[in-house]
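Asks: Starting off with a structure, shown below.
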Amino acid sequence: MTQQAVTQPVTTQPVTTLDPRLPYILGDHDNHSLTELVCGIVERPVPRWWWPAFLISLTVASGALFAAVYLISTGVGVWGENQPVGWAFDITNFVFWVGIGHAGTLISAILFLLRQKWRTSINRFAEVMTLFAVACAGVYPLIHVGRVWMVFYLAPIPNSHAIWPNFRSPLLWDVFAVSTYATVSLMFWYVGLIPDLATLRDRATTRPRQWIYGFFALGWRGSARHWHHYEIAYLLLAGLATPLVVSVHTIVSFDFATSVIPGWHTTIFPPYFVAGAILSGFAMVLTLMIPARELFGLRDLVTNQHLDKMARVLLATSLMVGYAYGVELFTAWYSVNFYERFAFMNRVFGPLAWGYAIMVSCNVLIPQLLWFGRVRGKPWMLLTISILVNVGMWFERFVIIVGSLERDFLPSSWGRFVPTWVDILQMVGVFGLFFTLMLLFLRFLPMIALSEVKGILPHSSHHGSTDHATDEPSVAHSDKELVVT
Amino acid sequence: MSIERNQRELFGVIATFAGPAELLEATRQTRDAGYERLDTFSPFPIHGMGRVLGLRPSVLPWMVLTGGILGAIVALGGMLYINVIEYPINAGGKPHAAIEPLIPITFEVCVLFSAITAVVGSFFLCGLPRLHHPLFNSAEFARTTDDGFVLAIEASDPRFDPDQTVRLLESLGGQPVTLVEV
């Protein structure tokens, strides 16, 4: 039975002409064939490439462990940071990973509230990417405090000197924002997963699988009474996650904006950071989704139309980010503030001008190619652009953080930042951790939200199957049905 | 078939239908026939099923609202207590009881409490976790998480009769109709 899924014909699509009335699910799929296609991936033996990919990722991830242990046992001096650059790779990578997480919440929550049905094929994948990205981000604040055994000072409890943390500090807001975000993302993802875990439980052929999936499915029966509360819970979680995701990167930007450093002290930071976060997150979803849909034969579910829509979001957020870059420069000039003007001249023409050039070309100039339907229709071009955007967004944070700290008010206290091997090993290792977690997810859990995708199948609407199916092919109706349901 | 069995050993009868539209119609007719203790099972939520079954609007939004208000009060009250009474710090001459810098954390904790209430509350309302249920005894029922659209009438329904109920469900197009034991 599982073999059937492998040989499912993958519908070929014309590259340039994407009819908006095309259904979001191609091929002649019914509820059962979708279950076979998606559950088959976790039930069949792993594909041949999985073990090498997993072992390489795990090896790279062990580098992060080594670098962290070395840092903690020796001291933060092993990193390249020193006065005046007190934040460098640690906070750059922290902001980079937190930003990536935002696309997952955007797809699962905001697009849900906006009734964008196409999100169903990609939301599980994007949500899990959020979780792992936030986990990777969490590594840095934890280890960058230097004395990790003191990290409980961040918790809202009085420490051994009866001193409370300062609730007026953006750094503490950040602790609350990121930990709330991680918790809510985890719950949102898990709630969405429960019906699919029940599917895996009911299909399990071995006892351990049945027990493990059954345990996590919590006894889900797909009862109308369950769905009744479940749909409300999902809607409420989406409504809660939407302001939350905006607040998280806003608060991350407060870490900078509330300081006095020229180049950080700007009111545009919150919207600018949120737009950048969505840009980097969509880029990461595309980077992971394009290979995944090829490797697992999911082109019927993640169609070129999905990629096209994601590319449009990428383009829109890239324009927002480009606007923010422009306004930053304008404001610096218009403010007639000597230090502010210098900070931006330094950013564009100073020692990190190469980083600024990478950031502008990768985040603003190259994504302009996405105006062309031909570019959006070619997955390999989208993949290239999205990887470049990831690079550009990393450099954006690096240029803002390190560039501003290197040269502030007093030239006598200027300095340069040079990363050490520990910095680099930590960064590369955390990428390994991210890919290790992603590969484990692909192995053990369904990467497509089955219960949601089944809900948008043309014949899943109860208006459709009996009255229309006879006179017209259901595909022609899909557009109407999507609106009706 | 074990139709002659004692009713006390029966959980009820289940019937599988071809799709969401058929299930919805069969449920409507079963309700019209006077059955009360019935439930439907499907791989995805069916639009309008709550109305047919006569389910009342979920109370979850009120639970979540309560949770959110509680979270905001706990966060704001707790921080004010610490800043004013427990550990006052003079920061730039600002008033100890200033609430402006406390808003971000109040918001985050409010969202956190609301979200936890939404998840825990929906589990509670669904009666989950419940790792076993008589319906899991039925091989036919396992299809509901794949492509089965199932209507179940419990034996505790006052109108339940092993013969008549099975015949009713068969006449509505249920294929197959099976009895499920406790």
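Residue names in the structure tokens use chain letters A, B, ... in the order shown, residue numbers from 1 in each chain, and ligand numbers from 1 in the order shown.
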Once you count only C-alpha atoms, what closest atom pair and distance in Å to one decimal does each residue of chain A within 6 Å of chain B have, with rows by chain and rising residue number, as a Markdown table?
Replies:
```
| residue | atom | partner | partner_atom | distance |
| --- | --- | --- | --- | --- |
| A:Asn31 | CA | B:Asp147 | CA | 5.3 |
| A:His32 | CA | B:Asp147 | CA | 5.5 |
| A:Arg168 | CA | B:Pro101 | CA | 5.0 |
| A:Trp173 | CA | B:Ile105 | CA | 5.7 |
| A:Ala177 | CA | B:Glu108 | CA | 5.9 |
| A:Thr180 | CA | B:Leu112 | CA | 5.8 |
| A:Thr199 | CA | B:Thr145 | CA | 4.8 |
| A:Asp202 | CA | B:Ala142 | CA | 5.4 |
| A:Leu218 | CA | B:Pro129 | CA | 4.4 |
| A:Gly219 | CA | B:Leu131 | CA | 4.5 |
| A:Gly222 | CA | B:Phe41 | CA | 5.1 |
| A:Ser223 | CA | B:Phe41 | CA | 4.3 |
| A:Ala224 | CA | B:Thr40 | CA | 5.3 |
| A:His226 | CA | B:Cys126 | CA | 5.2 |
| A:Trp227 | CA | B:Pro45 | CA | 5.6 |
| A:His229 | CA | B:Ser122 | CA | 5.9 |
| A:Ala233 | CA | B:Ala118 | CA | 5.6 |
| A:Ser451 | CA | B:Phe44 | CA | 5.1 |
| A:Gly455 | CA | B:Phe44 | CA | 5.8 |
| A:His462 | CA | B:Ala21 | CA | 4.2 |
```
Asks: Would you give me, as a ChimeraX atom specification, the residues in stretch 171-314 of chain A that DSSP reads as helix (DSSP H, G or I)?
Replies: /A:171-203,207-217,224-257,269-295,304-314
Asks: Taking into account only C-alpha atoms, which residue in the set A:Ile424, A:Ile261, A:Ala88, A:Leu172 is nearest to A:Asp408?
Replies: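 Going through A:Ile424, A:Ile261, A:Ala88, A:Leu172 one by one, the smallest distance to A:Asp408 is for A:Ile261.
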Asks: I'd like to know which of B:Thr16, B:Met63, B:Glu9, B:Asp157 is closest to B:Val177, using only C-alpha atoms.
Replies: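 Closest to B:Val177, using only C-alpha atoms: B:Thr16.
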Asks: Using only C-alpha atoms, which protein or nucleic acid residues come within 10 Å of A:Phe441? Drop anything in the same chain fewer than 4 positions from it, and give the result as a PyMOL selection string.
Replies: chain A and resi 42+125+128-129+132+435-437+445-447
Asks: Could you name the residues that touch A:Leu370 at 8 Å or less, counting only C-alpha atoms, but leaving out those on the same chain fewer than 4 positions away, as a list of chain:residue names?
Replies: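 Answer for this query is A:Ala311, A:Arg312, A:Leu315, A:Val375, A:Arg376.
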Asks: What's the 12 Å shell around B:Phe11, counting only C-alpha atoms, without same-chain residues fewer than 2 positions away, as a PyMOL selection string?
Replies: chain B and resi 5-9+13-14+37-38+133-138+152-157+160-162+178-182
Asks: Which polymer residues have any atom within 12 Å of an atom of A:Arg48, counting only C-alpha atoms, with same-chain residues fewer than 4 positions away left out, as an mmCIF file with N, CA and C atoms, in the first residue's frame?
Replies:
```cif
data_model
loop_
_atom_site.group_PDB
_atom_site.id
_atom_site.type_symbol
_atom_site.label_atom_id
_atom_site.label_comp_id
_atom_site.auth_asym_id
_atom_site.auth_seq_id
_atom_site.Cartn_x
_atom_site.Cartn_y
_atom_site.Cartn_z
ATOM 1 N N ARG A 44 7.739 4.587 5.855
ATOM 2 C CA ARG A 44 8.686 3.799 5.049
ATOM 3 C C ARG A 44 10.076 3.930 5.651
ATOM 4 N N PRO A 52 23.333 9.936 5.715
ATOM 5 C CA PRO A 52 24.495 10.834 5.563
ATOM 6 C C PRO A 52 24.174 12.270 5.965
ATOM 7 N N ALA A 53 23.019 12.771 5.532
ATOM 8 C CA ALA A 53 22.670 14.153 5.881
ATOM 9 C C ALA A 53 22.573 14.317 7.389
ATOM 10 N N PHE A 54 21.956 13.325 8.050
ATOM 11 C CA PHE A 54 21.781 13.416 9.502
ATOM 12 C C PHE A 54 23.132 13.368 10.211
ATOM 13 N N LEU A 295 12.632 16.076 -2.680
ATOM 14 C CA LEU A 295 13.147 14.826 -2.110
ATOM 15 C C LEU A 295 12.019 13.900 -1.671
ATOM 16 N N PHE A 296 10.907 14.452 -1.220
ATOM 17 C CA PHE A 296 9.821 13.612 -0.731
ATOM 18 C C PHE A 296 8.663 13.509 -1.716
#
```
Asks: Excluding same-chain residues fewer than 4 positions from A:Arg209, what lies within 12 Å of it counting only C-alpha atoms, as number ranges by chain?
Replies: A: 42-43, 197-205, 213-217, 444-445
Asks: Please indicate the distance in Å from atom CA of A:Thr206 to atom CA of A:Arg293, rounded to one decimal place.
Replies: 27.6 Å
Asks: Mind listing the strand (DSSP E) residues of chain B, per DSSP on the backbone, as a PyMOL selection string?
Replies: chain B and resi 10-17+38-41+149-154+177-181
Asks: Could those selected residues go to a file with N, CA and C atoms, as a PDB file, in the first residue's frame?
Replies:
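This is the output file out20.pdb:
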```
ATOM      1  N   LEU B  10     -22.878  -3.244  25.217  1.00  0.00           N
ATOM      2  CA  LEU B  10     -22.673  -2.505  23.980  1.00  0.00           C
ATOM      3  C   LEU B  10     -22.314  -1.056  24.287  1.00  0.00           C
ATOM      4  N   PHE B  11     -21.375  -0.515  23.510  1.00  0.00           N
ATOM      5  CA  PHE B  11     -21.165   0.926  23.585  1.00  0.00           C
ATOM      6  C   PHE B  11     -22.166   1.624  22.675  1.00  0.00           C
ATOM      7  N   GLY B  12     -22.389   1.027  21.513  1.00  0.00           N
ATOM      8  CA  GLY B  12     -23.308   1.644  20.568  1.00  0.00           C
ATOM      9  C   GLY B  12     -23.099   1.066  19.190  1.00  0.00           C
ATOM     10  N   VAL B  13     -23.565   1.818  18.199  1.00  0.00           N
ATOM     11  CA  VAL B  13     -23.457   1.351  16.829  1.00  0.00           C
ATOM     12  C   VAL B  13     -22.776   2.458  16.022  1.00  0.00           C
ATOM     13  N   ILE B  14     -21.914   2.032  15.105  1.00  0.00           N
ATOM     14  CA  ILE B  14     -21.279   3.027  14.244  1.00  0.00           C
ATOM     15  C   ILE B  14     -21.561   2.697  12.788  1.00  0.00           C
ATOM     16  N   ALA B  15     -21.708   3.743  11.996  1.00  0.00           N
ATOM     17  CA  ALA B  15     -21.951   3.583  10.569  1.00  0.00           C
ATOM     18  C   ALA B  15     -21.001   4.494   9.815  1.00  0.00           C
ATOM     19  N   THR B  16     -20.373   3.960   8.767  1.00  0.00           N
ATOM     20  CA  THR B  16     -19.445   4.747   7.969  1.00  0.00           C
ATOM     21  C   THR B  16     -20.160   5.261   6.726  1.00  0.00           C
ATOM     22  N   PHE B  17     -19.945   6.523   6.420  1.00  0.00           N
ATOM     23  CA  PHE B  17     -20.583   7.121   5.247  1.00  0.00           C
ATOM     24  C   PHE B  17     -19.524   7.537   4.237  1.00  0.00           C
ATOM     25  N   LEU B  38     -25.693  11.006  20.080  1.00  0.00           N
ATOM     26  CA  LEU B  38     -24.930  10.599  18.911  1.00  0.00           C
ATOM     27  C   LEU B  38     -23.767  11.564  18.696  1.00  0.00           C
ATOM     28  N   ASP B  39     -22.809  11.087  17.945  1.00  0.00           N
ATOM     29  CA  ASP B  39     -21.632  11.906  17.661  1.00  0.00           C
ATOM     30  C   ASP B  39     -21.122  11.508  16.289  1.00  0.00           C
ATOM     31  N   THR B  40     -20.439  12.427  15.641  1.00  0.00           N
ATOM     32  CA  THR B  40     -19.855  12.099  14.342  1.00  0.00           C
ATOM     33  C   THR B  40     -18.351  12.243  14.422  1.00  0.00           C
ATOM     34  N   PHE B  41     -17.683  11.515  13.541  1.00  0.00           N
ATOM     35  CA  PHE B  41     -16.222  11.466  13.557  1.00  0.00           C
ATOM     36  C   PHE B  41     -15.722  11.630  12.132  1.00  0.00           C
ATOM     37  N   PHE B 149     -15.907   8.632   7.471  1.00  0.00           N
ATOM     38  CA  PHE B 149     -16.864   9.601   8.012  1.00  0.00           C
ATOM     39  C   PHE B 149     -17.909   8.801   8.777  1.00  0.00           C
ATOM     40  N   VAL B 150     -17.826   8.831  10.096  1.00  0.00           N
ATOM     41  CA  VAL B 150     -18.532   7.866  10.931  1.00  0.00           C
ATOM     42  C   VAL B 150     -19.574   8.569  11.791  1.00  0.00           C
ATOM     43  N   LEU B 151     -20.740   7.943  11.861  1.00  0.00           N
ATOM     44  CA  LEU B 151     -21.789   8.385  12.778  1.00  0.00           C
ATOM     45  C   LEU B 151     -21.924   7.319  13.859  1.00  0.00           C
ATOM     46  N   ALA B 152     -21.903   7.727  15.119  1.00  0.00           N
ATOM     47  CA  ALA B 152     -22.028   6.774  16.218  1.00  0.00           C
ATOM     48  C   ALA B 152     -23.258   7.111  17.041  1.00  0.00           C
ATOM     49  N   ILE B 153     -24.066   6.096  17.352  1.00  0.00           N
ATOM     50  CA  ILE B 153     -25.197   6.284  18.265  1.00  0.00           C
ATOM     51  C   ILE B 153     -24.915   5.415  19.484  1.00  0.00           C
ATOM     52  N   GLU B 154     -24.938   6.042  20.645  1.00  0.00           N
ATOM     53  CA  GLU B 154     -24.583   5.303  21.850  1.00  0.00           C
ATOM     54  C   GLU B 154     -25.756   4.453  22.323  1.00  0.00           C
ATOM     55  N   VAL B 177     -22.386  -0.884   8.781  1.00  0.00           N
ATOM     56  CA  VAL B 177     -22.909  -0.505  10.093  1.00  0.00           C
ATOM     57  C   VAL B 177     -22.508  -1.623  11.055  1.00  0.00           C
ATOM     58  N   THR B 178     -21.794  -1.277  12.124  1.00  0.00           N
ATOM     59  CA  THR B 178     -21.343  -2.320  13.044  1.00  0.00           C
ATOM     60  C   THR B 178     -21.638  -1.911  14.478  1.00  0.00           C
ATOM     61  N   LEU B 179     -21.801  -2.953  15.325  1.00  0.00           N
ATOM     62  CA  LEU B 179     -21.994  -2.703  16.750  1.00  0.00           C
ATOM     63  C   LEU B 179     -20.634  -2.677  17.425  1.00  0.00           C
ATOM     64  N   VAL B 180     -20.490  -1.787  18.393  1.00  0.00           N
ATOM     65  CA  VAL B 180     -19.223  -1.668  19.110  1.00  0.00           C
ATOM     66  C   VAL B 180     -19.461  -2.029  20.560  1.00  0.00           C
ATOM     67  N   GLU B 181     -18.598  -2.929  21.082  1.00  0.00           N
ATOM     68  CA  GLU B 181     -18.746  -3.334  22.474  1.00  0.00           C
ATOM     69  C   GLU B 181     -17.928  -2.429  23.376  1.00  0.00           C
TER      70      GLU B 181
END
```
